[in-house]
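Undergrad: The structure's right below; bear with me while I get my questions together.
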Amino acid sequence: MIRFEDVGLRYPAPGQAAGPEVLRDIDFTLPDGAFRWLLGPSGAGKSSLLRLMYLAVRPSRGRIFVLGTEVASARRAALPRLRRRIGVVFQDFRLLRHLSAFDNVALPLRLAGRPEGQVRADVTEMLRWVGLARKTEAAPDALSGGEQQRVAIARAVITRPSLLLADEPTGNLDDVQAERLMQLFKEMNRLGTTVIVATHNDQLVYRHPAPSLRLENGRLTGSA
Amino acid sequence: MAGPDRRLRPAGFDELGLRRALADRILPFLVAAMAFLAALALAGFIGAASLARHWQLGAGSTLTVQVPEPAAPAALGAGSRLDRVLGLLHASPAILHARALDKTELDRLLHPWLGADGATLGLKLPGVIAVRLAPGVRPSDTLRSAIQATAPGTLMERQGSWIRRLSALARSLQACAGLALLVVAAVAAAVVAVATRAGLSARREAIEIVHGLGATDGFIAGRFAARATMLAAIGGGAGAVAALPVLVELAVLAAPFAQSMPVSTGDNPLAAVPAVLWMMLPALPLAAALIGFVTTQITVRRWLRRLP
Ligand SMILES: Nc1ncnc2c1ncn2[C@@H]1O[C@H](COP(=O)(O)OP(=O)(O)O)[C@@H](O)[C@H]1O
Ligand SMILES: [Mg+2]
C-alpha cells in the first residue's frame, strides 16, 4: 500500500532555510498491485512525487506510507531493506560509470546478498531480454542514450521489486522498445508489483489505458 | 563447472569506485611517515623506561657501609668490627644481600686515587660492605643504632641523589616520548579522516546511487574502511621498516648504558635492539590499520547521516 496524507515538499534553497513548496496537499491511497500513470506537464512535480516514494527525499509535512511502512517514524536502519523492495528507473538513469552494464544490473542483487551463481544467470537473462546481450561488458559512457535507459530498466526490475517506479522510462526508446517495456511492466504488475509510471508520452497512455495520478503545479488535480 | 556459484559478491568488487577515489599513493606515504615517527617515539619510550628502571633500582636498593678499623675488636660482642657489622646486616630482614669487599676489590676501587696498593702506602683503609636492600625498604633506625653501638664511626651511604635525578629525567623523557606517540596517532587519524572525506566527496554520486539501491550505512562504511585499513597497514609497515636502521643505530649507541645486556654489539648490531622493541615494531602496521579502520568507519557513518 502507498498512502500520502496531506503531504507537502520543499527543497532546501540556497541561502534560505527552504524554498517554495513544489508539492502541496498531496493526499491519495494506492492499493497493493495497482498500476498508475503519473501525468502532468513538465515541472508539475512528477519526479518529486516519485522521489518521496523511493525515499530519496523526506516530506516537509504530512505522512507517507510506502509498502505499509510509515516512513518518517521508521528507524533509519529499517530503510535500506525497504529500499531494496523498490525498483526505480531514474529519469537521468543514474548508472555507475565505472562499472560495466553487467555490474550495474547486478548491483541490487549483490547488495541483497544473492549468491554469485544466481546473479550471473539472472543478469545475463535480463540483459538479453532488453537486447543488450552483446554489450554486457560495456561501460555506460560507451552506450547510447536508449541503451543506457535499458540498462537502468534492467537494474530496476532485476530484483522483482514490490514497487516499481519509472520516471519517463521511454524518453530515449523507439516505439517498438517502448511497447516491449510496457509489456514488461504489465507482466510485473500482473504478478503483483505496484507500478507507477511518470510520462508525457500521450501515445503510450492512449494505447495502454489505466488509472492515473494527475499533477499540476504541485497539486494533485485528479486521481482516477 | 562444479555446481552453482554460491559466493557472495566477487572478491575485490569495487562498486563505489574507491580504487580511484581513496588516494592509493598519498595515504600510505603519509601513514608511513607517521609510523616512522611513531617508531622513533616508541624507541625513545622503551629506552627511557629501561634506563629509568635501571637507575631507580640502583639508586633505591644499594647501600655502601664503611667500617673504619675493620680488624679492631667490636665494642659489643666478640669478633672484629667488620665481622660484627656484617653479622648485624645479615640478620636484618630488610637486607637481601651483604658482602664485604675483599682486598683486591678494594684495591681496584681505590686504584684511581691511590695509584698503587693502598697498604704499601701505610693508609688505614676502612672495610667496605656492599649491601643490597629489599626493594622499597630503608634500613631501620634500630639497625643503625645497633651498628653504631657495635662499631662506632661506621658510615652508611645511600647512592647519591644525582642518580635519583637521572632517574626522574629518564621518567620525564619517557613521558615526552609517550606524548609524542599519542600526538602521532592523533595526526594519523586526522590524515585518514581527511583522505576519507576527500574520497566521500569524490564518490558522492556513486554513494548516493548505492545508498538509494538499499545499501546499509554499515556496508558503505565497510567498503571505505576495508580500503583505508589496507592502505594504512601498508603505510605502517613501510614506516616501520624504514625506521629499522635508525633504531639499530640508536640501540647500538645506547647499549653500554643499559647494563642488563652484555655489550657484544661488535658481531651483530641487531642484537642490541631490545626485545620489547622487536615485539612492538610489528604492532605499528597493526596500530595503523586499527586507526585507519576506526577513523574511516566513524567518518563515513557520520557523513552518511546527511542522506535520507
Ligand atoms: N533538487 C531540486 N532542488 C530544488 N528544486 C527542485 C529540485 N528538483 C525539482 N525542483 C523543482 O520542483 C519543481 C517540480 O520539479 P519536478 O518534480 O522535477 O517536476 P517534473 O518531474 O514533473 O517535471 C520544479 O519547479 C523544479 O524546479
Ligand atoms: Mg521529471
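Just remember, in the C-alpha cells the first chain shown is A, the second B, etc., residues are 1-based per chain, and ligands are 1-based in the order shown.
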Identify, counting only C-alpha atoms and all ligand atoms, the protein, DNA and RNA residues located within 7 Å of ligand 1, and give them as a list of chain:residue names.
TA: A:Tyr11, A:Pro12, A:Ala13, A:Val22, A:Gly40, A:Pro41, A:Ser42, A:Gly43, A:Ala44, A:Gly45, A:Lys46, A:Ser47, A:Ser48, A:Leu49, A:Gly218
Undergrad: Could you name the residues that touch segment 182-186 of chain B at 9 Å or less, counting only C-alpha atoms, but leaving out those on the same chain fewer than 3 positions away, as a ChimeraX atom specification?
TA: /B:34-35,37-38,41,177-179,189-191,287-288,291
Undergrad: Hey, can you check how far atom CA of Ala17 of chain A sits from atom CA of Ala77 of chain A?
TA: 27.0 Å
Undergrad: Extract the full set of strand (DSSP E) residues from segment 63-201 of chain A according to DSSP on the backbone, and format it as a list in words.
TA: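 Here are the strand (DSSP E) residues of segment 63-201 of chain A: Arg63, Ile64, Phe65, Val66, Thr69, Glu70, Ile86, Gly87, Val88, Val89, Leu163, Leu164, Leu165, Ala166, Asp167, Thr194, Val195, Ile196, Val197 and Ala198 of chain A.
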Undergrad: Create the file for the chosen residues now, containing all heavy atoms and written as a CSV table (one decimal), in the first residue's frame.
TA:
```
chain,number,residue,atom,x,y,z
A,63,ARG,N,2.3,12.8,6.1
A,63,ARG,CA,2.8,11.4,6.4
A,63,ARG,C,2.7,10.6,5.1
A,63,ARG,O,1.8,10.7,4.3
A,63,ARG,CB,1.9,10.7,7.5
A,63,ARG,CG,2.1,11.4,8.8
A,63,ARG,CD,1.8,10.4,9.9
A,63,ARG,NE,0.4,9.8,9.9
A,63,ARG,CZ,0.1,8.8,10.6
A,63,ARG,NH1,0.9,8.2,11.4
A,63,ARG,NH2,-1.2,8.3,10.5
A,64,ILE,N,3.7,9.7,5.0
A,64,ILE,CA,3.8,8.9,3.8
A,64,ILE,C,4.0,7.4,4.2
A,64,ILE,O,4.8,7.1,5.1
A,64,ILE,CB,5.0,9.3,2.9
A,64,ILE,CG1,4.8,10.7,2.4
A,64,ILE,CG2,5.2,8.3,1.7
A,64,ILE,CD1,6.0,11.2,1.5
A,65,PHE,N,3.1,6.6,3.7
A,65,PHE,CA,3.3,5.1,3.9
A,65,PHE,C,3.8,4.5,2.6
A,65,PHE,O,3.1,4.7,1.6
A,65,PHE,CB,2.0,4.5,4.3
A,65,PHE,CG,1.4,4.9,5.6
A,65,PHE,CD1,0.8,6.2,5.8
A,65,PHE,CD2,1.6,4.1,6.8
A,65,PHE,CE1,0.3,6.6,7.0
A,65,PHE,CE2,1.1,4.5,8.0
A,65,PHE,CZ,0.5,5.8,8.1
A,66,VAL,N,4.9,3.8,2.6
A,66,VAL,CA,5.4,3.1,1.5
A,66,VAL,C,5.5,1.6,1.8
A,66,VAL,O,6.1,1.2,2.8
A,66,VAL,CB,6.8,3.6,1.0
A,66,VAL,CG1,7.3,2.8,-0.1
A,66,VAL,CG2,6.7,5.1,0.7
A,69,THR,N,4.8,0.8,5.3
A,69,THR,CA,5.7,1.4,6.4
A,69,THR,C,5.5,2.9,6.4
A,69,THR,O,5.7,3.5,5.4
A,69,THR,CB,7.2,1.0,6.1
A,69,THR,OG1,7.3,-0.4,6.1
A,69,THR,CG2,8.1,1.6,7.2
A,70,GLU,N,5.3,3.5,7.6
A,70,GLU,CA,5.3,4.9,7.7
A,70,GLU,C,6.7,5.4,7.8
A,70,GLU,O,7.5,5.0,8.6
A,70,GLU,CB,4.5,5.3,9.0
A,70,GLU,CG,3.9,6.7,8.9
A,70,GLU,CD,4.8,7.8,9.4
A,70,GLU,OE1,5.2,7.8,10.6
A,70,GLU,OE2,5.2,8.7,8.6
A,86,ILE,N,12.0,-1.7,-3.6
A,86,ILE,CA,11.5,-0.7,-4.6
A,86,ILE,C,12.5,-0.6,-5.8
A,86,ILE,O,13.7,-0.5,-5.6
A,86,ILE,CB,11.5,0.7,-3.9
A,86,ILE,CG1,10.6,0.7,-2.7
A,86,ILE,CG2,10.9,1.8,-4.9
A,86,ILE,CD1,10.7,2.0,-1.8
A,87,GLY,N,12.0,-0.8,-7.0
A,87,GLY,CA,12.8,-0.6,-8.2
A,87,GLY,C,12.5,0.7,-8.8
A,87,GLY,O,11.4,1.2,-8.9
A,88,VAL,N,13.6,1.4,-9.2
A,88,VAL,CA,13.4,2.8,-9.8
A,88,VAL,C,14.1,2.9,-11.1
A,88,VAL,O,15.3,2.5,-11.2
A,88,VAL,CB,14.0,3.8,-8.8
A,88,VAL,CG1,13.6,5.2,-9.3
A,88,VAL,CG2,13.5,3.6,-7.4
A,89,VAL,N,13.4,3.4,-12.1
A,89,VAL,CA,14.0,3.8,-13.4
A,89,VAL,C,14.1,5.3,-13.3
A,89,VAL,O,13.1,6.0,-13.4
A,89,VAL,CB,13.2,3.4,-14.6
A,89,VAL,CG1,14.0,3.7,-15.9
A,89,VAL,CG2,12.9,1.9,-14.5
A,163,LEU,N,7.5,-2.7,-5.5
A,163,LEU,CA,7.0,-1.4,-6.0
A,163,LEU,C,8.0,-1.0,-7.1
A,163,LEU,O,9.2,-0.9,-6.9
A,163,LEU,CB,7.0,-0.3,-4.9
A,163,LEU,CG,6.7,1.1,-5.3
A,163,LEU,CD1,5.4,1.3,-5.9
A,163,LEU,CD2,6.9,2.0,-4.1
A,164,LEU,N,7.4,-0.7,-8.3
A,164,LEU,CA,8.3,-0.2,-9.4
A,164,LEU,C,7.9,1.2,-9.8
A,164,LEU,O,6.7,1.5,-10.1
A,164,LEU,CB,8.1,-1.2,-10.6
A,164,LEU,CG,8.9,-0.8,-11.9
A,164,LEU,CD1,10.4,-0.9,-11.6
A,164,LEU,CD2,8.5,-1.7,-13.0
A,165,LEU,N,8.9,2.1,-9.7
A,165,LEU,CA,8.7,3.5,-10.1
A,165,LEU,C,9.5,3.8,-11.3
A,165,LEU,O,10.7,3.6,-11.3
A,165,LEU,CB,9.1,4.4,-8.9
A,165,LEU,CG,8.4,4.0,-7.5
A,165,LEU,CD1,9.1,4.8,-6.4
A,165,LEU,CD2,6.9,4.3,-7.6
A,166,ALA,N,8.9,4.3,-12.3
A,166,ALA,CA,9.6,4.7,-13.6
A,166,ALA,C,9.3,6.1,-13.9
A,166,ALA,O,8.2,6.5,-14.1
A,166,ALA,CB,9.2,3.7,-14.7
A,167,ASP,N,10.5,6.9,-14.1
A,167,ASP,CA,10.4,8.3,-14.4
A,167,ASP,C,10.7,8.5,-15.8
A,167,ASP,O,11.9,8.4,-16.2
A,167,ASP,CB,11.3,9.1,-13.4
A,167,ASP,CG,10.9,10.5,-13.4
A,167,ASP,OD1,10.1,11.0,-14.1
A,167,ASP,OD2,11.5,11.2,-12.5
A,194,THR,N,3.3,-3.3,-7.6
A,194,THR,CA,2.7,-2.0,-7.8
A,194,THR,C,3.5,-1.2,-8.7
A,194,THR,O,4.7,-1.1,-8.5
A,194,THR,CB,2.6,-1.3,-6.4
A,194,THR,OG1,1.9,-2.1,-5.5
A,194,THR,CG2,1.8,0.0,-6.6
A,195,VAL,N,2.9,-0.6,-9.8
A,195,VAL,CA,3.7,0.0,-10.8
A,195,VAL,C,3.2,1.5,-11.0
A,195,VAL,O,2.0,1.7,-11.1
A,195,VAL,CB,3.6,-0.7,-12.2
A,195,VAL,CG1,4.5,0.0,-13.2
A,195,VAL,CG2,4.1,-2.1,-12.0
A,196,ILE,N,4.1,2.4,-10.9
A,196,ILE,CA,3.8,3.8,-11.2
A,196,ILE,C,4.7,4.4,-12.3
A,196,ILE,O,6.0,4.3,-12.1
A,196,ILE,CB,3.9,4.7,-9.9
A,196,ILE,CG1,2.9,4.1,-8.8
A,196,ILE,CG2,3.5,6.1,-10.2
A,196,ILE,CD1,3.1,4.8,-7.5
A,197,VAL,N,4.2,4.9,-13.4
A,197,VAL,CA,5.0,5.3,-14.5
A,197,VAL,C,4.7,6.8,-14.8
A,197,VAL,O,3.6,7.1,-15.1
A,197,VAL,CB,4.7,4.5,-15.8
A,197,VAL,CG1,5.7,4.9,-16.9
A,197,VAL,CG2,4.9,3.0,-15.5
A,198,ALA,N,5.7,7.6,-14.6
A,198,ALA,CA,5.5,9.0,-14.9
A,198,ALA,C,5.9,9.2,-16.4
A,198,ALA,O,6.9,8.7,-16.8
A,198,ALA,CB,6.5,9.9,-14.1
```
Undergrad: Show me, as a ChimeraX atom specification, every residue of chain A with an atom at most 6 Å from chain B, counting only C-alpha atoms.
TA: /A:80,83-84,110,115-117
